[in-house]
Structures are given as structure tokens and as C-alpha cells.
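Participant: Input data-v4.tsv, format and content: TSV, C-alpha atoms.
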chain	number	residue	atom	x	y	z
A	916	MET	CA	-2.41	47.24	28.62
A	917	GLU	CA	-5.46	47.75	30.79
A	918	ARG	CA	-7.77	47.03	27.86
A	919	SER	CA	-6.02	43.73	27.06
A	920	ARG	CA	-6.28	42.83	30.75
A	921	ASP	CA	-10.03	43.52	30.77
A	922	ILE	CA	-10.51	41.50	27.58
A	923	ALA	CA	-8.62	38.56	29.09
A	924	LEU	CA	-10.72	38.73	32.29
A	925	THR	CA	-13.98	38.83	30.33
A	926	HIS	CA	-12.86	35.91	28.17
A	927	MET	CA	-11.83	33.94	31.25
A	928	ARG	CA	-15.16	34.51	33.01
A	929	LYS	CA	-17.05	33.25	29.95
A	930	SER	CA	-14.75	30.24	29.68
A	931	VAL	CA	-15.34	29.36	33.32
A	932	GLU	CA	-19.10	29.46	32.75
A	933	LYS	CA	-18.75	27.16	29.74
A	934	LEU	CA	-16.96	24.71	32.02
A	935	GLY	CA	-19.98	24.68	34.34
A	936	CYS	CA	-18.68	26.95	37.12
A	937	SER	CA	-19.21	30.55	38.18
A	938	THR	CA	-16.94	33.51	38.92
A	939	GLN	CA	-19.63	35.72	40.46
A	940	ALA	CA	-18.23	35.45	43.99
A	941	PHE	CA	-14.72	36.40	42.89
A	942	GLU	CA	-13.24	39.80	42.07
A	943	ASP	CA	-10.79	40.57	39.28
A	944	PRO	CA	-7.60	40.33	41.41
A	945	THR	CA	-8.36	36.68	42.21
A	946	LEU	CA	-8.93	35.81	38.56
A	947	MET	CA	-5.80	37.73	37.56
A	948	ARG	CA	-3.66	35.41	39.66
A	949	PHE	CA	-4.81	32.50	37.53
A	950	LEU	CA	-4.32	34.47	34.30
A	951	ILE	CA	-0.77	35.45	35.26
A	952	ALA	CA	0.00	31.86	36.24
A	953	ARG	CA	-1.09	30.75	32.78
A	954	SER	CA	0.67	33.50	30.81
A	955	MET	CA	-2.58	35.46	30.31
A	956	ASP	CA	-4.21	32.60	28.39
A	957	PRO	CA	-7.93	32.83	29.34
A	958	GLU	CA	-8.75	29.25	28.38
A	959	LYS	CA	-5.90	27.73	30.40
A	960	ALA	CA	-6.58	30.10	33.30
A	961	ALA	CA	-10.26	29.12	33.30
A	962	LYS	CA	-9.39	25.43	33.40
A	963	MET	CA	-6.99	26.01	36.30
A	964	PHE	CA	-9.60	28.09	38.14
A	965	VAL	CA	-12.28	25.41	37.76
A	966	GLN	CA	-9.88	22.69	38.94
A	967	TRP	CA	-9.07	24.87	41.95
A	968	GLN	CA	-12.75	25.39	42.81
A	969	LYS	CA	-13.49	21.68	42.59
A	970	TRP	CA	-10.45	20.88	44.72
A	971	ARG	CA	-11.41	23.40	47.42
A	972	SER	CA	-14.98	22.09	47.56
A	973	VAL	CA	-13.74	18.55	48.23
A	974	PHE	CA	-10.54	19.08	50.21
A	975	VAL	CA	-11.55	22.20	52.15
A	976	PRO	CA	-15.37	22.00	52.25
A	977	ASN	CA	-15.69	24.34	55.25
A	978	GLY	CA	-13.37	26.95	53.77
A	979	PHE	CA	-10.54	26.13	56.19
A	980	ILE	CA	-8.74	23.17	57.77
A	981	PRO	CA	-9.49	23.06	61.52
A	982	GLU	CA	-6.64	22.48	63.95
A	983	SER	CA	-8.40	19.38	65.26
A	984	GLU	CA	-7.58	17.59	61.99
A	985	ILE	CA	-3.84	18.32	62.09
A	986	GLN	CA	-2.90	17.98	65.75
A	987	ASP	CA	0.10	15.69	65.15
A	988	GLU	CA	1.66	18.20	62.76
A	989	LEU	CA	0.95	21.20	64.98
A	990	GLU	CA	2.46	19.53	68.04
A	991	ALA	CA	5.86	19.46	66.31
A	992	ARG	CA	5.92	23.29	66.54
A	993	LYS	CA	7.84	23.59	63.31
A	994	ALA	CA	5.97	26.43	61.57
A	995	PHE	CA	5.85	30.06	62.67
A	996	LEU	CA	3.76	32.96	61.37
A	997	GLN	CA	5.94	35.97	62.06
A	998	GLY	CA	3.83	38.88	60.90
A	999	LEU	CA	4.18	41.28	57.99
A	1000	THR	CA	7.17	42.80	56.24
A	1001	LYS	CA	7.28	46.55	55.61
A	1002	GLU	CA	5.61	45.87	52.24
A	1003	GLY	CA	2.88	43.90	53.97
A	1004	HIS	CA	3.97	40.39	52.98
A	1005	PRO	CA	3.11	37.72	55.58
A	1006	VAL	CA	6.15	35.70	56.66
A	1007	LEU	CA	5.95	31.95	57.20
A	1008	LEU	CA	9.05	30.38	58.77
A	1009	VAL	CA	9.57	26.62	58.92
A	1010	LYS	CA	12.21	24.81	60.99
A	1011	VAL	CA	12.75	21.67	58.96
A	1012	ASN	CA	14.75	19.89	61.68
A	1013	ARG	CA	11.48	19.56	63.61
A	1014	HIS	CA	9.77	17.84	60.70
A	1015	PHE	CA	9.68	14.10	60.13
A	1016	PRO	CA	7.96	12.29	57.24
A	1017	SER	CA	4.38	11.71	58.30
A	1018	LYS	CA	2.82	8.26	58.38
A	1019	ASP	CA	-0.46	10.04	57.68
A	1020	HIS	CA	0.22	11.81	54.37
A	1021	LEU	CA	-3.35	13.10	54.18
A	1022	GLN	CA	-2.91	14.90	57.50
A	1023	PHE	CA	0.34	16.40	56.21
A	1024	LYS	CA	-1.42	17.70	53.09
A	1025	LYS	CA	-4.13	19.23	55.27
A	1026	TYR	CA	-1.40	20.80	57.38
A	1027	VAL	CA	0.16	22.38	54.29
A	1028	VAL	CA	-3.20	23.83	53.27
A	1029	HIS	CA	-3.80	25.10	56.82
A	1030	LEU	CA	-0.42	26.87	56.79
A	1031	LEU	CA	-0.91	28.43	53.36
A	1032	ASP	CA	-4.47	29.56	54.07
A	1033	LYS	CA	-3.56	31.08	57.42
A	1034	THR	CA	-0.50	32.85	56.00
A	1035	ILE	CA	-2.57	34.29	53.15
A	1036	ALA	CA	-5.28	35.39	55.58
A	1037	ARG	CA	-2.59	37.21	57.58
A	1038	GLY	CA	-1.53	39.09	54.46
A	1039	LYS	CA	-5.09	40.05	53.60
A	1040	GLU	CA	-5.12	42.34	56.63
A	1041	LYS	CA	-2.94	44.68	54.54
A	1042	GLY	CA	-4.39	43.66	51.18
A	1043	ASN	CA	-1.20	41.86	50.16
A	1044	GLU	CA	-1.51	38.87	47.88
A	1045	LYS	CA	1.97	37.34	48.22
A	1046	MET	CA	3.77	35.59	51.06
A	1047	VAL	CA	7.43	35.23	52.01
A	1048	VAL	CA	8.49	31.74	53.09
A	1049	VAL	CA	11.67	30.99	55.02
A	1050	LEU	CA	12.84	27.36	55.16
A	1051	ASP	CA	15.51	26.85	57.81
A	1052	LEU	CA	17.52	23.65	57.25
A	1053	GLN	CA	19.78	24.17	60.27
A	1054	ASN	CA	20.79	20.89	61.95
A	1055	ILE	CA	18.70	18.67	59.70
A	1056	THR	CA	19.61	15.01	59.27
A	1057	TYR	CA	18.46	12.36	56.84
A	1058	LYS	CA	15.60	11.62	59.25
A	1059	ASN	CA	14.15	15.04	58.44
A	1060	VAL	CA	14.35	14.57	54.68
A	1061	ASP	CA	10.84	14.24	53.27
A	1062	THR	CA	11.11	14.43	49.49
A	1063	ARG	CA	7.51	13.34	49.05
A	1064	GLY	CA	6.34	16.01	51.47
A	1065	PHE	CA	8.44	18.72	49.78
A	1066	ILE	CA	7.06	17.84	46.36
A	1067	SER	CA	3.45	17.69	47.62
A	1068	GLY	CA	3.81	21.10	49.24
A	1069	PHE	CA	5.15	22.73	46.10
A	1070	GLN	CA	2.56	21.01	43.90
A	1071	PHE	CA	-0.23	22.38	46.10
A	1072	LEU	CA	1.33	25.82	45.98
A	1073	GLN	CA	1.62	25.80	42.19
A	1074	ALA	CA	-1.71	24.17	41.35
A	1075	TYR	CA	-3.99	25.78	43.93
A	1076	TYR	CA	-2.22	28.94	45.13
A	1077	PRO	CA	-1.11	30.67	41.92
A	1078	GLU	CA	0.89	33.87	42.35
A	1079	ARG	CA	0.83	33.59	46.13
A	1080	LEU	CA	4.55	33.03	46.64
A	1081	GLY	CA	6.54	36.24	46.71
A	1082	LYS	CA	9.91	34.80	47.74
A	1083	LEU	CA	11.32	31.62	49.22
A	1084	PHE	CA	14.49	31.93	51.29
A	1085	ILE	CA	16.31	28.67	52.06
A	1086	LEU	CA	18.72	29.01	54.97
A	1087	ASN	CA	21.52	26.77	56.23
A	1088	MET	CA	21.36	24.18	53.46
A	1089	PRO	CA	23.79	21.32	54.25
A	1090	ARG	CA	25.87	19.84	51.48
A	1091	PHE	CA	24.02	16.52	51.48
A	1092	PHE	CA	20.73	18.31	50.79
A	1093	ILE	CA	21.90	19.87	47.53
A	1094	SER	CA	21.16	16.73	45.49
A	1095	ILE	CA	17.75	16.42	47.18
A	1096	TRP	CA	16.91	20.03	46.32
A	1097	LYS	CA	17.90	19.43	42.70
A	1098	MET	CA	15.46	16.50	42.57
A	1099	VAL	CA	12.67	18.55	44.16
A	1100	SER	CA	13.39	21.44	41.77
A	1101	ARG	CA	12.46	19.26	38.81
A	1102	PHE	CA	8.87	19.54	39.98
A	1103	LEU	CA	8.98	23.33	40.21
A	1104	GLU	CA	7.68	25.56	37.47
A	1105	LYS	CA	10.11	28.20	36.25
A	1106	PRO	CA	8.40	31.12	38.09
A	1107	THR	CA	8.63	29.17	41.36
A	1108	GLN	CA	12.28	28.35	40.80
A	1109	GLU	CA	13.02	32.01	40.15
A	1110	LYS	CA	11.50	32.99	43.50
A	1111	ALA	CA	13.65	30.54	45.47
A	1112	LEU	CA	16.94	31.83	46.87
A	1113	ILE	CA	19.46	29.61	48.63
A	1114	VAL	CA	21.09	31.91	51.20
A	1115	SER	CA	24.74	30.88	51.36
A	1116	ASN	CA	26.80	33.85	52.56
A	1117	GLU	CA	26.69	36.77	54.98
A	1118	ASP	CA	25.80	39.35	52.35
A	1119	GLU	CA	22.75	37.32	51.37
A	1120	ARG	CA	21.81	36.88	55.03
A	1121	THR	CA	22.05	40.64	55.52
A	1122	ASN	CA	19.74	41.15	52.54
A	1123	VAL	CA	17.21	38.73	54.02
A	1124	VAL	CA	17.15	40.76	57.24
A	1125	LYS	CA	16.72	44.00	55.28
A	1126	GLU	CA	13.98	42.59	53.09
A	1127	ILE	CA	11.95	40.97	55.85
A	1128	GLY	CA	12.78	43.37	58.68
A	1129	GLN	CA	14.31	43.00	62.14
A	1130	GLU	CA	10.90	43.54	63.74
A	1131	ILE	CA	9.66	40.36	62.05
A	1132	LEU	CA	12.66	38.02	62.09
A	1133	PRO	CA	13.49	36.11	65.29
A	1134	GLN	CA	16.73	36.92	67.08
A	1135	GLU	CA	18.53	33.80	65.81
A	1136	TYR	CA	18.13	35.12	62.25
A	1137	GLY	CA	19.37	38.62	62.94
A	1138	GLY	CA	16.09	40.17	64.01
A	1139	ARG	CA	14.48	41.28	67.25
A	1140	ALA	CA	11.27	39.25	67.28
A	1141	LYS	CA	10.31	36.04	69.02
A	1142	LEU	CA	9.19	32.89	67.25
A	1143	LEU	CA	5.39	32.86	66.90
A	1144	PRO	CA	4.03	29.31	66.45
A	1145	VAL	CA	1.32	29.33	63.81
A	1146	GLN	CA	-1.25	27.90	66.24
A	1147	HIS	CA	-0.71	30.87	68.58
A	1148	VAL	CA	-1.67	33.43	65.93
A	1149	SER	CA	-5.34	34.36	65.96
A	1150	LEU	CA	-7.05	35.61	62.82
A	1151	PRO	CA	-10.63	36.57	61.89
A	1152	PRO	CA	-12.95	33.75	60.73
A	1153	PRO	CA	-12.52	32.77	57.05
A	1154	PRO	CA	-15.03	34.07	54.45
A	1155	VAL	CA	-18.07	31.98	53.65
A	1156	PHE	CA	-16.70	31.12	50.20
A	1157	ASN	CA	-13.32	29.72	49.30
A	1158	SER	CA	-11.42	32.85	48.27
A	1159	PHE	CA	-7.89	31.51	48.60
Rewrite the structure from the file as C-alpha cells, please.
Facilitator:
Amino acid sequence: MERSRDIALTHMRKSVEKLGCSTQAFEDPTLMRFLIARSMDPEKAAKMFVQWQKWRSVFVPNGFIPESEIQDELEARKAFLQGLTKEGHPVLLVKVNRHFPSKDHLQFKKYVVHLLDKTIARGKEKGNEKMVVVLDLQNITYKNVDTRGFISGFQFLQAYYPERLGKLFILNMPRFFISIWKMVSRFLEKPTQEKALIVSNEDERTNVVKEIGQEILPQEYGGRAKLLPVQHVSLPPPPVFNSF
């Protein structure tokens, strides 16, 4: 197993070089995420990796999205970075009823990247690659429905953050949103769909608390913590190269 893994990594590195890029700044675990996302196919993984590098160089040239570029999104105070589970997974919680479709879709995309990068950086403190995302749909109305935004977020996650999602818990889904979720799900790859859990009963809610931990979850979700707006969480400066 380890030998086949090493062969795949070597093949992928050579394929990346043939495509005009380099893997020198990246360790095996980073490359493995792309290999796993492409069913251990070195050629497909190399293509995905190169596309990711080119995207980061254009969309995130400084290695991170500064808060000054996403002020409108941050002011809504809809995303919270709650800390780490017992297994070391960073927890990102989003209150969807505070979100409204943005007139500036580019700013929204930058906001998504800012959230994902900061959540991943939080997990790196414990060396954990995967994040846990909680989407709370409590009290949402049609004004909060942003199908385009949902799809963009998942497309970014799948194309540029392979193997970063550990689990996605969807809480308090109203009946009218079921058809919207089915439409969004068409854009999700099978591994992403398998990581999404619609929490619909008390037993499932209890499992969410056990899996994430009372120390991390806010009181309204059965925990003992306070909500921590993402902009209030300080992290070390990002690395000089785009390692996300």
C-alpha cells in the first residue's frame, strides 16, 4: 500500500513538471489530497493541482484575502470560527439567516476563500487537514436563499480545497429549502454528498454535540461556548507560498 502510494506521488510530481509547474514547495500530504480527490490517478491529480496553483496565483496573489476586501460580508456577522474538536478539526459555523445574496459576487467569492483559508489555518495548529462545517438554517426566509452563492461555495471547495471537508452538518432545514438543497446537490461530487448530514431529529442533534464537543458548540446548539465571529479570531500570518 505504501509502495503504491509512493509510486503515485512520484508519478504525480513528474506529471506536474510536464505541465510546466513545480511541486518543490509542497510536501507529500498536500499532494495526497489531490490524489485522493482524483481516485489516485496521478495524471488527473496533477492537472487538478496545476489548476489550483494557477487559480491561487491569480485569485489569492498575496496568499490570503485581507479583511479590507470583504468588509460588507464580514459586517453581517454570519460566520463563526469556534475552535477545534477533540480530534483537532476546526469548526466553522454559519448562520444562514444573516446572509443575503450579494450584489458583489466577486466579494462573496473572496469571502468564501477567506473563510476556508482561515478555518484551515486554525486546524493546522494541531496538524489536522479537515474541517467541520455547520450550516444553521434556523429562521431563514426566501430572502436568505442564495442558490448561486451555495453552488459557488461548494464548487470552490471541491475544485480548490480537495479533501478539506471532514463533515457538513445542516441544522434546522425548513421544508421549503428541501427542493433548493436537491438542486444544489446536483453540483456536489459524491464524496461531498456523503459528508453532508441533514440533522432532523434529537438523536442526530445529540450526536452532533458529541462529535463536535460542548466546549466548542455555542449554548444554543447544546454546548457551553460563545459564538466567536471569524473576524475576532487571530491566527499567525499565512506562509509565504500558497499551501492551502
Participant: Give me, as a PDB file with C-alpha atoms, in the coordinates of the input, all polymer residues having an atom no more than 7 Å from range 1098-1110 of chain A, counting only C-alpha atoms and skipping those fewer than 6 positions away in the same chain.
Facilitator:
ATOM      1  CA  THR A1062      11.110  14.430  49.490  1.00  0.00           C
ATOM      2  CA  ILE A1066       7.060  17.840  46.360  1.00  0.00           C
ATOM      3  CA  GLY A1081       6.540  36.240  46.710  1.00  0.00           C
ATOM      4  CA  LYS A1082       9.910  34.800  47.740  1.00  0.00           C
ATOM      5  CA  LEU A1083      11.320  31.620  49.220  1.00  0.00           C
TER       6      LEU A1083
END
Participant: Name the residues in contact with Ser1067 in chain A at a cut-off of 10 Å, using all atoms listed in the file, excluding same-chain residues fewer than 6 positions from it; report them as a list of chain:residue names.
Facilitator: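 Everything that qualifies: A:His1020, A:Phe1023, A:Lys1024, A:Val1027, A:Asp1061, A:Gln1073, A:Val1099, A:Phe1102.
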Participant: Which residue is closest to Asn1054 in chain A? Choose from A:His1029, A:Lys969, A:His1014, A:Arg1037 and count only C-alpha atoms.
Facilitator: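 Smallest distance to Asn1054 in chain A is found for A:His1014.
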Participant: Please list, as a PyMOL selection string, the residues that have an atom at most 9 Å away from (5.9, 40.9, 49.0) in the coordinates of this file, counting all atoms listed in the file.
Facilitator: chain A and resi 1000-1005+1043-1047+1080-1082
Participant: Pick from A:Asp1032, A:Pro976, A:Gln997, A:Asp987: nearest to Ala1140 in chain A, with only C-alpha atoms counted?
Facilitator: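 For Ala1140 in chain A, the nearest of the given residues is A:Gln997.
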Participant: Kindly indicate which residue among A:Leu1086, A:Leu1142, A:Val965, A:Ala1074 lies nearest to Arg1120 in chain A, using all atoms listed in the file for the distances.
Facilitator: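 Among A:Leu1086, A:Leu1142, A:Val965, A:Ala1074, it is A:Leu1086 that comes nearest to Arg1120 in chain A.
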Participant: For the atom pair CA of Arg971 in chain A and CA of Lys993 in chain A, what is the interatomic distance in Å to one decimal place?
Facilitator: 25.0 Å
Participant: Between CA of Pro1089 in chain A and CA of Ile1055 in chain A, what is the distance, to one decimal in Å?
Facilitator: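 Taking CA of Pro1089 in chain A and CA of Ile1055 in chain A, their separation equals 7.9 Å.
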Participant: Give me the residues within 10 Å of Ser1115 in chain A as a PyMOL selection string, counting all atoms listed in the file and dropping any in the same chain fewer than 3 places off.
Facilitator: chain A and resi 1085-1088+1112+1118-1120
Participant: How many Å lie between CA of Glu988 in chain A and CA of Asp1019 in chain A, rounded to one decimal?
Facilitator: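 We find that CA of Glu988 in chain A and CA of Asp1019 in chain A lie 9.8 Å from each other.
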Participant: Go through A:Tyr1026, A:Asp921, A:Thr1121, A:Val1114 one by one, measure the shortest atom-to-atom distance of each to Pro981 in chain A using all atoms listed in the file, and give the residue with the smallest value.
Facilitator: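 Of A:Tyr1026, A:Asp921, A:Thr1121, A:Val1114, the one nearest Pro981 in chain A is A:Tyr1026, counting all atoms listed in the file.
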Participant: Tell me which residues come within 8 Å of (5.7, 24.8, 61.7), as an NGL selection string, counting only C-alpha atoms in the file's coordinates.
Facilitator: :A and (988-989 or 991-995 or 1008-1010 or 1144-1145)
Participant: With all atoms listed in the file as the counted atoms, please give the residues lying no more than 8 Å from Glu984 in chain A, apart from itself and same-chain residues fewer than 4 positions off, as a list in words.
Facilitator: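 Answer for this query is Ile980, Gln1022 and Lys1025 of chain A.
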